[in-house]
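A quick write-up on the structure given underneath.
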Amino acid sequence: MITSFNITNFGPLSSLRGEGLGKLNLVLGANSCGKTFLLKALYATMRAQEESGRGEDPRDFSEVLGDKLYWTFQADKLGDLVQKGVGNRLAVSVTMQNNCGLAYEFGPDTSRKVVPSYNNLPPREANSIFLPPKEVLTLAKVILKSGLQDKAFGFDATYVDLVLALQNPTQRERTFDGFTRSRQQLERMFQGKIEYLPDAERWVYKKGNSRFSLNTTAEGIKKIAILDTLLGNRFLTPDSVVFIDEPESALHPTAISQLLDIVYQLSDAGIQFFIASHSYFVVKKLYLIALSKNIPIPVFLADQDGGWHQDDLLQGIPDNEIINESIRLFDQELEVSAG
């Protein structure tokens, strides 16, 4: 589990430090404040560590990290990610349990390769994954062609990695302890399963004995199915780290609440989550989970000046514009009703 991180001069992120991280972590802020940047920075760092040394890949960690940052953020050169300013250098450090960690930094002239300042993390068998706001199943062929064959900017590495992870075959052995109930609940939510047909190289939605094209399947169903698939093919295991950008996208408020109940169960089984959201329902549900389970849920909030601070949902919902806007609308309703 990631226990702390420190990010400086990374795109819109001037300075952001997270400490005492939990199995559930929430990121809030206005558009363009850097929520997705934060999730992708942590994802690229973790995924580089996981991919380094696996299989027959001859690249060392510095090459894997440079490639992962390059294809995740798709800048002409990595130095373009450094926040503008005289003498600025981008710096990232991540600490995991047992005080192991890694750190790297680079300046505006860096092109591709990133040499870490230190890396004493042991090899990771678990996988990290980034779940974007939109589903990827209907675009799987296009994503792989763009990212792997054409080597063109467009769909970044988070999309390519996700499509590849989803194509792993479903495992028949017993699901990891704590995952079975979550998968059952996920499948009840969309009353079926998503299956990949290798011969046809396409995904279908299976409900009972019938199969349906994904083009006629609701986006919310496909989004829920993605998480179920990653659990079923054992890409996600205890010690995985999952980054979810806008889990509320394409989901009814009831489904958001059900999904976050499942996310809590998975966190209790060992998976760590980082969630970026704009949704009142996400904030409120995670607050209720913190209270009912008596667990801290770190929350990172961006202010209008580009600064960040850390709070804890167990201590209450911190002041934020998602909640404030809902209160303003309620007050406006009372004024209109009163005439």
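Just remember, in the structure tokens the first chain shown is A, the second B, etc., residues are 1-based per chain, and ligands are 1-based in the order shown.
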Hey, could you make a per-residue contact list for range 188-275 of chain A against range 41-58 of chain A with 10 Å as the cut-off, showing the nearest pair of atoms and its distance in Å to one decimal, counting only C-alpha atoms, sorted by chain and number, as CSV?
```
residue,atom,partner,partner_atom,distance
A:Ser240,CA,A:Met46,CA,10.0
A:Val241,CA,A:Tyr43,CA,8.3
A:Val242,CA,A:Tyr43,CA,8.4
A:Phe243,CA,A:Tyr43,CA,7.1
A:Phe274,CA,A:Leu42,CA,9.4
```
Test item, helix (DSSP H, G or I) assignment across range 82-241 of chain A, answer as a ChimeraX atom specification: /A:97-99,137-149,157-166,180-190,214-216,219-232
Resulting file, chosen residues, N, CA and C atoms, as a short mmCIF file (atom, residue, chain, number, x, y, z; two decimals), in the first residue's frame:
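Generated output (part.cif):
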```
data_model
loop_
_atom_site.label_atom_id
_atom_site.label_comp_id
_atom_site.auth_asym_id
_atom_site.auth_seq_id
_atom_site.Cartn_x
_atom_site.Cartn_y
_atom_site.Cartn_z
N GLN A 97 4.63 0.62 2.35
CA GLN A 97 4.80 0.01 3.67
C GLN A 97 6.23 -0.48 3.86
N ASN A 98 6.63 -0.60 5.10
CA ASN A 98 8.00 -0.98 5.47
C ASN A 98 9.02 0.09 5.09
N ASN A 99 8.52 1.33 4.84
CA ASN A 99 9.39 2.48 4.55
C ASN A 99 10.23 2.30 3.29
N LEU A 137 -14.32 -0.63 -23.69
CA LEU A 137 -14.52 -1.90 -24.38
C LEU A 137 -14.88 -1.73 -25.84
N THR A 138 -15.77 -0.79 -26.16
CA THR A 138 -16.19 -0.62 -27.54
C THR A 138 -15.08 -0.04 -28.41
N LEU A 139 -14.09 0.57 -27.80
CA LEU A 139 -12.98 1.19 -28.54
C LEU A 139 -11.69 0.38 -28.43
N ALA A 140 -11.78 -0.84 -27.93
CA ALA A 140 -10.57 -1.61 -27.63
C ALA A 140 -9.64 -1.75 -28.83
N LYS A 141 -10.18 -2.09 -29.99
CA LYS A 141 -9.33 -2.27 -31.18
C LYS A 141 -8.65 -0.97 -31.57
N VAL A 142 -9.40 0.12 -31.53
CA VAL A 142 -8.85 1.42 -31.91
C VAL A 142 -7.75 1.84 -30.95
N ILE A 143 -7.98 1.59 -29.65
CA ILE A 143 -7.00 1.97 -28.62
C ILE A 143 -5.69 1.21 -28.82
N LEU A 144 -5.78 -0.10 -29.06
CA LEU A 144 -4.57 -0.91 -29.22
C LEU A 144 -3.84 -0.55 -30.52
N LYS A 145 -4.59 -0.29 -31.59
CA LYS A 145 -3.95 0.08 -32.84
C LYS A 145 -3.21 1.41 -32.70
N SER A 146 -3.88 2.38 -32.05
CA SER A 146 -3.27 3.69 -31.88
C SER A 146 -2.04 3.62 -30.98
N GLY A 147 -2.17 2.92 -29.85
CA GLY A 147 -1.09 2.92 -28.86
C GLY A 147 0.03 1.96 -29.14
N LEU A 148 -0.28 0.77 -29.69
CA LEU A 148 0.74 -0.26 -29.86
C LEU A 148 1.27 -0.36 -31.29
N GLN A 149 0.40 -0.21 -32.27
CA GLN A 149 0.83 -0.35 -33.65
C GLN A 149 1.30 0.97 -34.26
N ALA A 157 -1.41 5.87 -22.15
CA ALA A 157 -1.02 4.55 -21.65
C ALA A 157 -2.03 3.96 -20.69
N THR A 158 -2.78 4.79 -19.97
CA THR A 158 -3.76 4.24 -19.04
C THR A 158 -4.83 3.45 -19.79
N TYR A 159 -5.22 3.93 -20.99
CA TYR A 159 -6.21 3.23 -21.80
C TYR A 159 -5.63 1.94 -22.38
N VAL A 160 -4.42 2.02 -22.92
CA VAL A 160 -3.79 0.84 -23.51
C VAL A 160 -3.58 -0.24 -22.45
N ASP A 161 -3.07 0.15 -21.30
CA ASP A 161 -2.84 -0.81 -20.21
C ASP A 161 -4.14 -1.48 -19.79
N LEU A 162 -5.21 -0.69 -19.72
CA LEU A 162 -6.50 -1.24 -19.27
C LEU A 162 -7.04 -2.24 -20.28
N VAL A 163 -6.98 -1.91 -21.56
CA VAL A 163 -7.48 -2.85 -22.58
C VAL A 163 -6.69 -4.15 -22.55
N LEU A 164 -5.38 -4.06 -22.42
CA LEU A 164 -4.56 -5.28 -22.35
C LEU A 164 -4.90 -6.10 -21.11
N ALA A 165 -5.12 -5.43 -19.99
CA ALA A 165 -5.46 -6.14 -18.76
C ALA A 165 -6.80 -6.85 -18.89
N LEU A 166 -7.74 -6.23 -19.56
CA LEU A 166 -9.07 -6.82 -19.71
C LEU A 166 -9.06 -8.05 -20.60
N THR A 180 -15.17 -12.67 -3.89
CA THR A 180 -16.34 -13.38 -4.41
C THR A 180 -17.62 -12.58 -4.22
N ARG A 181 -17.83 -12.09 -3.01
CA ARG A 181 -19.04 -11.33 -2.72
C ARG A 181 -19.10 -10.06 -3.58
N SER A 182 -17.98 -9.42 -3.74
CA SER A 182 -17.94 -8.20 -4.54
C SER A 182 -18.30 -8.49 -5.99
N ARG A 183 -17.79 -9.57 -6.54
CA ARG A 183 -18.11 -9.92 -7.93
C ARG A 183 -19.59 -10.26 -8.07
N GLN A 184 -20.14 -10.97 -7.10
CA GLN A 184 -21.56 -11.29 -7.15
C GLN A 184 -22.41 -10.03 -7.15
N GLN A 185 -22.03 -9.07 -6.32
CA GLN A 185 -22.78 -7.81 -6.26
C GLN A 185 -22.63 -7.01 -7.55
N LEU A 186 -21.43 -6.99 -8.12
CA LEU A 186 -21.23 -6.29 -9.38
C LEU A 186 -22.09 -6.89 -10.48
N GLU A 187 -22.14 -8.20 -10.56
CA GLU A 187 -22.89 -8.85 -11.61
C GLU A 187 -24.39 -8.70 -11.40
N ARG A 188 -24.83 -8.61 -10.15
CA ARG A 188 -26.25 -8.33 -9.90
C ARG A 188 -26.62 -6.92 -10.36
N MET A 189 -25.65 -5.99 -10.25
CA MET A 189 -25.94 -4.62 -10.64
C MET A 189 -26.27 -4.51 -12.12
N PHE A 190 -25.61 -5.30 -12.97
CA PHE A 190 -25.90 -5.19 -14.40
C PHE A 190 -26.48 -6.48 -14.97
N LEU A 214 -21.97 -4.79 -27.65
CA LEU A 214 -21.70 -3.73 -26.68
C LEU A 214 -22.20 -2.38 -27.16
N ASN A 215 -22.38 -2.23 -28.48
CA ASN A 215 -22.87 -0.95 -29.00
C ASN A 215 -24.29 -0.67 -28.57
N THR A 216 -25.02 -1.72 -28.17
CA THR A 216 -26.40 -1.53 -27.70
C THR A 216 -26.50 -1.66 -26.18
N GLU A 219 -23.69 2.43 -21.18
CA GLU A 219 -22.31 2.70 -20.79
C GLU A 219 -22.06 2.39 -19.33
N GLY A 220 -23.06 2.64 -18.47
CA GLY A 220 -22.91 2.33 -17.06
C GLY A 220 -22.67 0.85 -16.82
N ILE A 221 -23.39 0.01 -17.58
CA ILE A 221 -23.21 -1.44 -17.46
C ILE A 221 -21.79 -1.83 -17.84
N LYS A 222 -21.30 -1.25 -18.93
CA LYS A 222 -19.95 -1.58 -19.39
C LYS A 222 -18.90 -1.13 -18.37
N LYS A 223 -19.17 0.00 -17.74
CA LYS A 223 -18.20 0.52 -16.77
C LYS A 223 -18.11 -0.40 -15.55
N ILE A 224 -19.25 -0.85 -15.05
CA ILE A 224 -19.25 -1.77 -13.91
C ILE A 224 -18.60 -3.10 -14.32
N ALA A 225 -18.87 -3.53 -15.55
CA ALA A 225 -18.34 -4.81 -16.02
C ALA A 225 -16.82 -4.81 -16.08
N ILE A 226 -16.22 -3.65 -16.33
CA ILE A 226 -14.76 -3.58 -16.40
C ILE A 226 -14.14 -4.00 -15.08
N LEU A 227 -14.65 -3.49 -13.96
CA LEU A 227 -14.11 -3.86 -12.66
C LEU A 227 -14.33 -5.34 -12.39
N ASP A 228 -15.52 -5.85 -12.72
CA ASP A 228 -15.82 -7.27 -12.53
C ASP A 228 -14.84 -8.14 -13.32
N THR A 229 -14.55 -7.73 -14.55
CA THR A 229 -13.64 -8.51 -15.40
C THR A 229 -12.23 -8.55 -14.82
N LEU A 230 -11.75 -7.43 -14.32
CA LEU A 230 -10.40 -7.38 -13.75
C LEU A 230 -10.28 -8.22 -12.48
N LEU A 231 -11.39 -8.40 -11.78
CA LEU A 231 -11.39 -9.30 -10.63
C LEU A 231 -11.45 -10.75 -11.08
N GLY A 232 -12.27 -11.01 -12.11
CA GLY A 232 -12.46 -12.39 -12.58
C GLY A 232 -11.23 -12.97 -13.25
#
```
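For Tyr287 in chain A, the set of protein, DNA and RNA residues having any atom at most 6 Å away, when counting only C-alpha atoms and skipping those fewer than 3 positions along the same chain, is A:Lys284, A:Ala290, A:Leu313.
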Please provide the set of residues having any atom within 9 Å of range 260-266 of chain A, restricted to only C-alpha atoms, with same-chain residues fewer than 2 positions apart removed, written as a list in words.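 My list of contacting residues is Lys23, Leu24, Gly178, Phe179, Arg181, Ser182, Arg183, Gln185, Leu186, Pro238, Pro247, Ala255, Ile256, Ser257, Gln258, Asp268, Ala269, Gly270, Ile271, Gln272, Phe273, Val282, Lys285, Leu286 and Ile289 of chain A.
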Quick one: pick out all strand (DSSP E or B) residues within range 106-320 of chain A from a backbone DSSP run and write them as number ranges by chain. A: 106, 116-119, 128-131, 193-197, 202-207, 210-213, 241-245, 272-277, 298-302, 308-312
